[in-house]
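All remarks here apply to the structure that follows.
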Amino acid sequence: MAPLRRPLQGLWNVVRFNWHFYAIALALALGLTAVALFAPGPITTFALWLPVILLAPMLMSLLVTAYVYDFSPLYKLNWLPAKLPAGATVLTLNAGFDEISASLAAHYPEARLLALDFYHPDRHTEVSIRRARQAYPPYPGTQVVDTRQPLPLASASVDVAVAFLAAHEIRDDHERAAFFREIRRILKPGGHFFVTEHLRDQANFLAYTVGFLHFHSRSTWQQTFRAAGLRLEQLIACTPFVSTFVLRSDENAV
């Protein structure tokens, strides 16, 4: 069987979906270099450091991106159970870019896989998502849902739910908690919800500088889980930059 991911696919996706940021940074660096070359002698050395200061964080983010998405064990799915009962129902949730459903289908060939896409163009306005949607077709059978509406699934019908690098796109705290309550409703007794995310923490700040503000902090996620009636069973560090929250229904929650 052909590999599901090509070499450096993760890095290439990030660059082509966000190429405008890199183009702007390179243009500024070239402009600063040109200014430095024509600056008076005493200023030239100092001015030549400006492009380096500008490009160094970008290079660091690309190196971390390549590690996380191409060289780390993240896509080996070791953070998921090795096996599920035959006929188990696995649900994936994405925000317009689904790169996990095909891998899960291969990982659990005897499971029934359902994919839900909660992308909404009025609320998820990042150009990178639009480019990703153009580059990758949805997983076959994917249903489009709204995070502010009940999910079209029966209560206690899902064994495992997976939100892979997607749930942070729900920016409103109340909307995110309400959506997670729907996940709790459809989970079977003993079922698990796996939420994999970058966190707004020191490691991701060093990797992405101000870009880490697009992620939620661990405390914000924990508030969401409590509000949704979900209990954190385990926190798995998939890489130094990506973590998976393993959740299940909190029987003591109202």
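In the structure tokens, the first chain shown is A, the next is B, and so on; residue numbers restart at 1 for each chain, and ligands run from 1 in the order shown.
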Which of region 3-192 of chain A counts as strand (DSSP E) under DSSP, as a VMD selection string please?
-> chain A and resid 89 to 94 112 to 117 143 to 144 158 to 164 187 to 192
Nearby residues (only C-alpha atoms) at most 12 Å from Thr244 (chain A), same-chain spacing under 5 positions excluded, as a PyMOL selection string | chain A and resi 74+77-80+162-165+167+192-199+218+221+232-239
Write the residues of the selection above to a file with N, CA and C atoms, as an mmCIF file, in the first residue's frame.
data_model
loop_
_atom_site.group_PDB
_atom_site.id
_atom_site.type_symbol
_atom_site.label_atom_id
_atom_site.label_comp_id
_atom_site.auth_asym_id
_atom_site.auth_seq_id
_atom_site.Cartn_x
_atom_site.Cartn_y
_atom_site.Cartn_z
ATOM 1 N N LEU A 74 4.072 11.714 15.433
ATOM 2 C CA LEU A 74 2.687 12.177 15.565
ATOM 3 C C LEU A 74 1.730 11.386 14.689
ATOM 4 N N LEU A 77 0.154 7.666 15.151
ATOM 5 C CA LEU A 77 -1.069 7.490 15.946
ATOM 6 C C LEU A 77 -0.832 6.655 17.200
ATOM 7 N N ASN A 78 0.372 6.755 17.761
ATOM 8 C CA ASN A 78 0.656 6.006 18.989
ATOM 9 C C ASN A 78 -0.123 6.541 20.185
ATOM 10 N N TRP A 79 -0.710 7.718 20.038
ATOM 11 C CA TRP A 79 -1.484 8.318 21.122
ATOM 12 C C TRP A 79 -2.928 7.813 21.145
ATOM 13 N N LEU A 80 -3.256 6.915 20.221
ATOM 14 C CA LEU A 80 -4.573 6.288 20.170
ATOM 15 C C LEU A 80 -4.478 4.842 20.627
ATOM 16 N N VAL A 162 -12.275 11.931 17.544
ATOM 17 C CA VAL A 162 -10.935 12.506 17.383
ATOM 18 C C VAL A 162 -11.056 13.889 16.753
ATOM 19 N N ALA A 163 -10.523 14.887 17.441
ATOM 20 C CA ALA A 163 -10.397 16.239 16.877
ATOM 21 C C ALA A 163 -8.910 16.514 16.750
ATOM 22 N N PHE A 164 -8.398 16.419 15.526
ATOM 23 C CA PHE A 164 -6.961 16.482 15.295
ATOM 24 C C PHE A 164 -6.582 17.849 14.732
ATOM 25 N N LEU A 165 -5.950 18.681 15.579
ATOM 26 C CA LEU A 165 -5.470 20.005 15.175
ATOM 27 C C LEU A 165 -6.576 20.818 14.509
ATOM 28 N N ALA A 167 -9.912 21.721 16.676
ATOM 29 C CA ALA A 167 -10.859 22.339 17.603
ATOM 30 C C ALA A 167 -10.469 23.759 18.001
ATOM 31 N N HIS A 192 -14.149 7.438 24.420
ATOM 32 C CA HIS A 192 -13.124 8.458 24.634
ATOM 33 C C HIS A 192 -13.140 9.496 23.519
ATOM 34 N N PHE A 193 -12.751 10.697 23.888
ATOM 35 C CA PHE A 193 -12.623 11.826 22.965
ATOM 36 C C PHE A 193 -11.173 12.277 23.020
ATOM 37 N N PHE A 194 -10.484 12.225 21.872
ATOM 38 C CA PHE A 194 -9.075 12.601 21.780
ATOM 39 C C PHE A 194 -8.971 13.967 21.091
ATOM 40 N N VAL A 195 -8.429 14.930 21.809
ATOM 41 C CA VAL A 195 -8.261 16.284 21.283
ATOM 42 C C VAL A 195 -6.769 16.563 21.172
ATOM 43 N N THR A 196 -6.268 16.642 19.944
ATOM 44 C CA THR A 196 -4.840 16.860 19.699
ATOM 45 C C THR A 196 -4.629 18.299 19.247
ATOM 46 N N GLU A 197 -3.723 19.006 19.940
ATOM 47 C CA GLU A 197 -3.553 20.437 19.690
ATOM 48 C C GLU A 197 -2.142 20.910 20.030
ATOM 49 N N HIS A 198 -1.708 21.957 19.347
ATOM 50 C CA HIS A 198 -0.635 22.797 19.857
ATOM 51 C C HIS A 198 -1.215 23.576 21.046
ATOM 52 N N LEU A 199 -0.366 23.923 21.995
ATOM 53 C CA LEU A 199 -0.816 24.708 23.142
ATOM 54 C C LEU A 199 -0.149 26.082 23.130
ATOM 55 N N ARG A 218 -3.457 25.523 27.991
ATOM 56 C CA ARG A 218 -3.941 24.312 28.659
ATOM 57 C C ARG A 218 -5.092 24.631 29.600
ATOM 58 N N TRP A 221 -8.318 25.041 27.645
ATOM 59 C CA TRP A 221 -8.884 23.732 27.281
ATOM 60 C C TRP A 221 -9.541 23.063 28.476
ATOM 61 N N LEU A 232 -10.752 14.939 32.075
ATOM 62 C CA LEU A 232 -9.441 14.671 31.512
ATOM 63 C C LEU A 232 -8.867 13.428 32.165
ATOM 64 N N GLU A 233 -8.692 12.398 31.362
ATOM 65 C CA GLU A 233 -8.169 11.121 31.863
ATOM 66 C C GLU A 233 -6.656 11.044 31.731
ATOM 67 N N GLN A 234 -6.122 11.668 30.670
ATOM 68 C CA GLN A 234 -4.684 11.602 30.434
ATOM 69 C C GLN A 234 -4.285 12.727 29.491
ATOM 70 N N LEU A 235 -3.074 13.234 29.662
ATOM 71 C CA LEU A 235 -2.501 14.206 28.738
ATOM 72 C C LEU A 235 -1.233 13.604 28.167
ATOM 73 N N ILE A 236 -1.216 13.404 26.858
ATOM 74 C CA ILE A 236 -0.100 12.747 26.186
ATOM 75 C C ILE A 236 0.700 13.793 25.417
ATOM 76 N N ALA A 237 2.000 13.865 25.686
ATOM 77 C CA ALA A 237 2.871 14.759 24.927
ATOM 78 C C ALA A 237 3.313 14.025 23.662
ATOM 79 N N CYS A 238 2.608 14.258 22.559
ATOM 80 C CA CYS A 238 2.949 13.595 21.294
ATOM 81 C C CYS A 238 4.313 14.051 20.796
ATOM 82 N N THR A 239 4.592 15.336 20.958
ATOM 83 C CA THR A 239 5.889 15.949 20.685
ATOM 84 C C THR A 239 6.030 17.067 21.718
#
Counting only C-alpha atoms, what is within 10 Å of Leu114 (chain A), bar same-chain residues fewer than 3 positions away, as JSON, numbers by chain?
-> {"A": [89, 90, 91, 92, 93, 101, 105, 111, 139, 140, 141, 142, 143, 158, 161]}
Convert the current residue selection to file output with N, CA and C atoms, as a tab-separated table (two decimals), in the first residue's frame.
chain	number	residue	atom	x	y	z
A	89	THR	N	-17.36	2.43	16.26
A	89	THR	CA	-17.60	3.65	15.49
A	89	THR	C	-16.59	4.70	15.89
A	90	VAL	N	-15.85	5.20	14.90
A	90	VAL	CA	-14.83	6.23	15.12
A	90	VAL	C	-15.29	7.50	14.40
A	91	LEU	N	-15.29	8.62	15.12
A	91	LEU	CA	-15.72	9.90	14.57
A	91	LEU	C	-14.53	10.84	14.49
A	92	THR	N	-14.35	11.48	13.34
A	92	THR	CA	-13.33	12.51	13.21
A	92	THR	C	-14.00	13.86	12.99
A	93	LEU	N	-13.35	14.89	13.52
A	93	LEU	CA	-13.87	16.26	13.43
A	93	LEU	C	-12.79	17.13	12.81
A	101	SER	N	-8.58	11.39	8.74
A	101	SER	CA	-9.58	10.33	8.54
A	101	SER	C	-9.02	9.15	7.76
A	105	ALA	N	-8.77	5.37	9.12
A	105	ALA	CA	-9.40	4.25	8.41
A	105	ALA	C	-8.40	3.12	8.19
A	111	ALA	N	-13.21	-0.80	11.84
A	111	ALA	CA	-14.10	0.18	12.47
A	111	ALA	C	-14.96	0.86	11.42
A	139	TYR	N	-12.80	13.80	2.96
A	139	TYR	CA	-12.85	12.35	3.06
A	139	TYR	C	-14.22	11.88	2.56
A	140	PRO	N	-14.28	10.78	1.81
A	140	PRO	CA	-15.57	10.31	1.28
A	140	PRO	C	-16.63	10.17	2.36
A	141	GLY	N	-17.79	10.73	2.10
A	141	GLY	CA	-18.89	10.63	3.04
A	141	GLY	C	-18.90	11.67	4.14
A	142	THR	N	-17.97	12.62	4.10
A	142	THR	CA	-17.91	13.65	5.13
A	142	THR	C	-19.20	14.46	5.17
A	143	GLN	N	-19.72	14.69	6.38
A	143	GLN	CA	-20.91	15.51	6.56
A	143	GLN	C	-20.51	16.90	7.07
A	158	VAL	N	-21.04	6.61	19.54
A	158	VAL	CA	-19.66	6.71	19.08
A	158	VAL	C	-18.71	6.15	20.13
A	161	ALA	N	-13.98	9.51	19.48
A	161	ALA	CA	-14.04	10.75	18.70
A	161	ALA	C	-12.66	11.37	18.69
Would you please work out which residue, of A:Pro121, A:Ala88, A:Ala115, A:Val127, is nearest to His20 (chain A) when using only C-alpha atoms?
-> A:Val127
Members of region 8-232 of chain A assigned helix (DSSP H, G or I) by DSSP, as a ChimeraX atom specification = /A:9-17,19-38,41-71,73-76,101-107,127-135,167-169,173-186,202-214,218-228
Would you kindly return, as an NGL selection string, each protein, DNA or RNA residue with an atom no farther than 8 Å from any atom of region 22-29 of chain A, considering only C-alpha atoms and excluding same-chain residues fewer than 6 positions away?
-> :A and (15 or 50-52 or 54-55 or 58)
Same residues, N, CA and C atoms, saved as a PDB file, in the first residue's frame:
ATOM      1  N   VAL A  15       3.819  25.757   4.048  1.00  0.00           N
ATOM      2  CA  VAL A  15       4.376  26.829   3.216  1.00  0.00           C
ATOM      3  C   VAL A  15       3.387  27.248   2.135  1.00  0.00           C
ATOM      4  N   LEU A  50      19.433  43.246  10.691  1.00  0.00           N
ATOM      5  CA  LEU A  50      17.969  43.323  10.692  1.00  0.00           C
ATOM      6  C   LEU A  50      17.322  42.207   9.878  1.00  0.00           C
ATOM      7  N   PRO A  51      17.811  41.893   8.656  1.00  0.00           N
ATOM      8  CA  PRO A  51      17.216  40.762   7.939  1.00  0.00           C
ATOM      9  C   PRO A  51      17.380  39.439   8.689  1.00  0.00           C
ATOM     10  N   VAL A  52      18.526  39.286   9.360  1.00  0.00           N
ATOM     11  CA  VAL A  52      18.750  38.052  10.135  1.00  0.00           C
ATOM     12  C   VAL A  52      17.733  37.953  11.267  1.00  0.00           C
ATOM     13  N   LEU A  54      14.859  39.251  11.353  1.00  0.00           N
ATOM     14  CA  LEU A  54      13.535  39.027  10.766  1.00  0.00           C
ATOM     15  C   LEU A  54      13.354  37.587  10.322  1.00  0.00           C
ATOM     16  N   LEU A  55      14.380  37.017   9.692  1.00  0.00           N
ATOM     17  CA  LEU A  55      14.233  35.686   9.087  1.00  0.00           C
ATOM     18  C   LEU A  55      14.493  34.540  10.070  1.00  0.00           C
ATOM     19  N   MET A  58      11.364  32.876  11.405  1.00  0.00           N
ATOM     20  CA  MET A  58      10.683  32.145  10.346  1.00  0.00           C
ATOM     21  C   MET A  58      11.370  30.810  10.077  1.00  0.00           C
TER      22      MET A  58
END
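With only C-alpha atoms as the atoms that count, the residue of A:Gly211, A:Gly10, A:Gly229, A:Pro152 with the shortest distance to Phe180 (chain A) is A:Gly229.
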From the set A:Ala178, A:Leu48, A:Val160, A:Ile129, which residue has the shortest atom-to-atom contact distance to Leu84 (chain A), counting only C-alpha atoms?
-> A:Val160
In Å and to one decimal, CA of Val145 (chain A) is distant from CA of Val68 (chain A) by 28.7 Å
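Using only C-alpha atoms for every distance, the candidate list A:Arg123, A:Ala82, A:His216, A:Ala207 yields A:Ala207 as the residue closest to Ala56 (chain A).
Remark: for Met60 (chain A), the closest of the candidate residues A:Leu11, A:Ala154, A:Leu206, A:Leu4 is A:Leu206 (distances computed over only C-alpha atoms).
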With a distance cut-off of 12 Å and only C-alpha atoms, select the neighbouring residues of Gln134 (chain A), excluding the residue or stretch itself and same-chain residues fewer than 2 positions from it, and output the selection as an NGL selection string.
-> :A and (13 or 16-17 or 96-98 or 127-132 or 136-138)
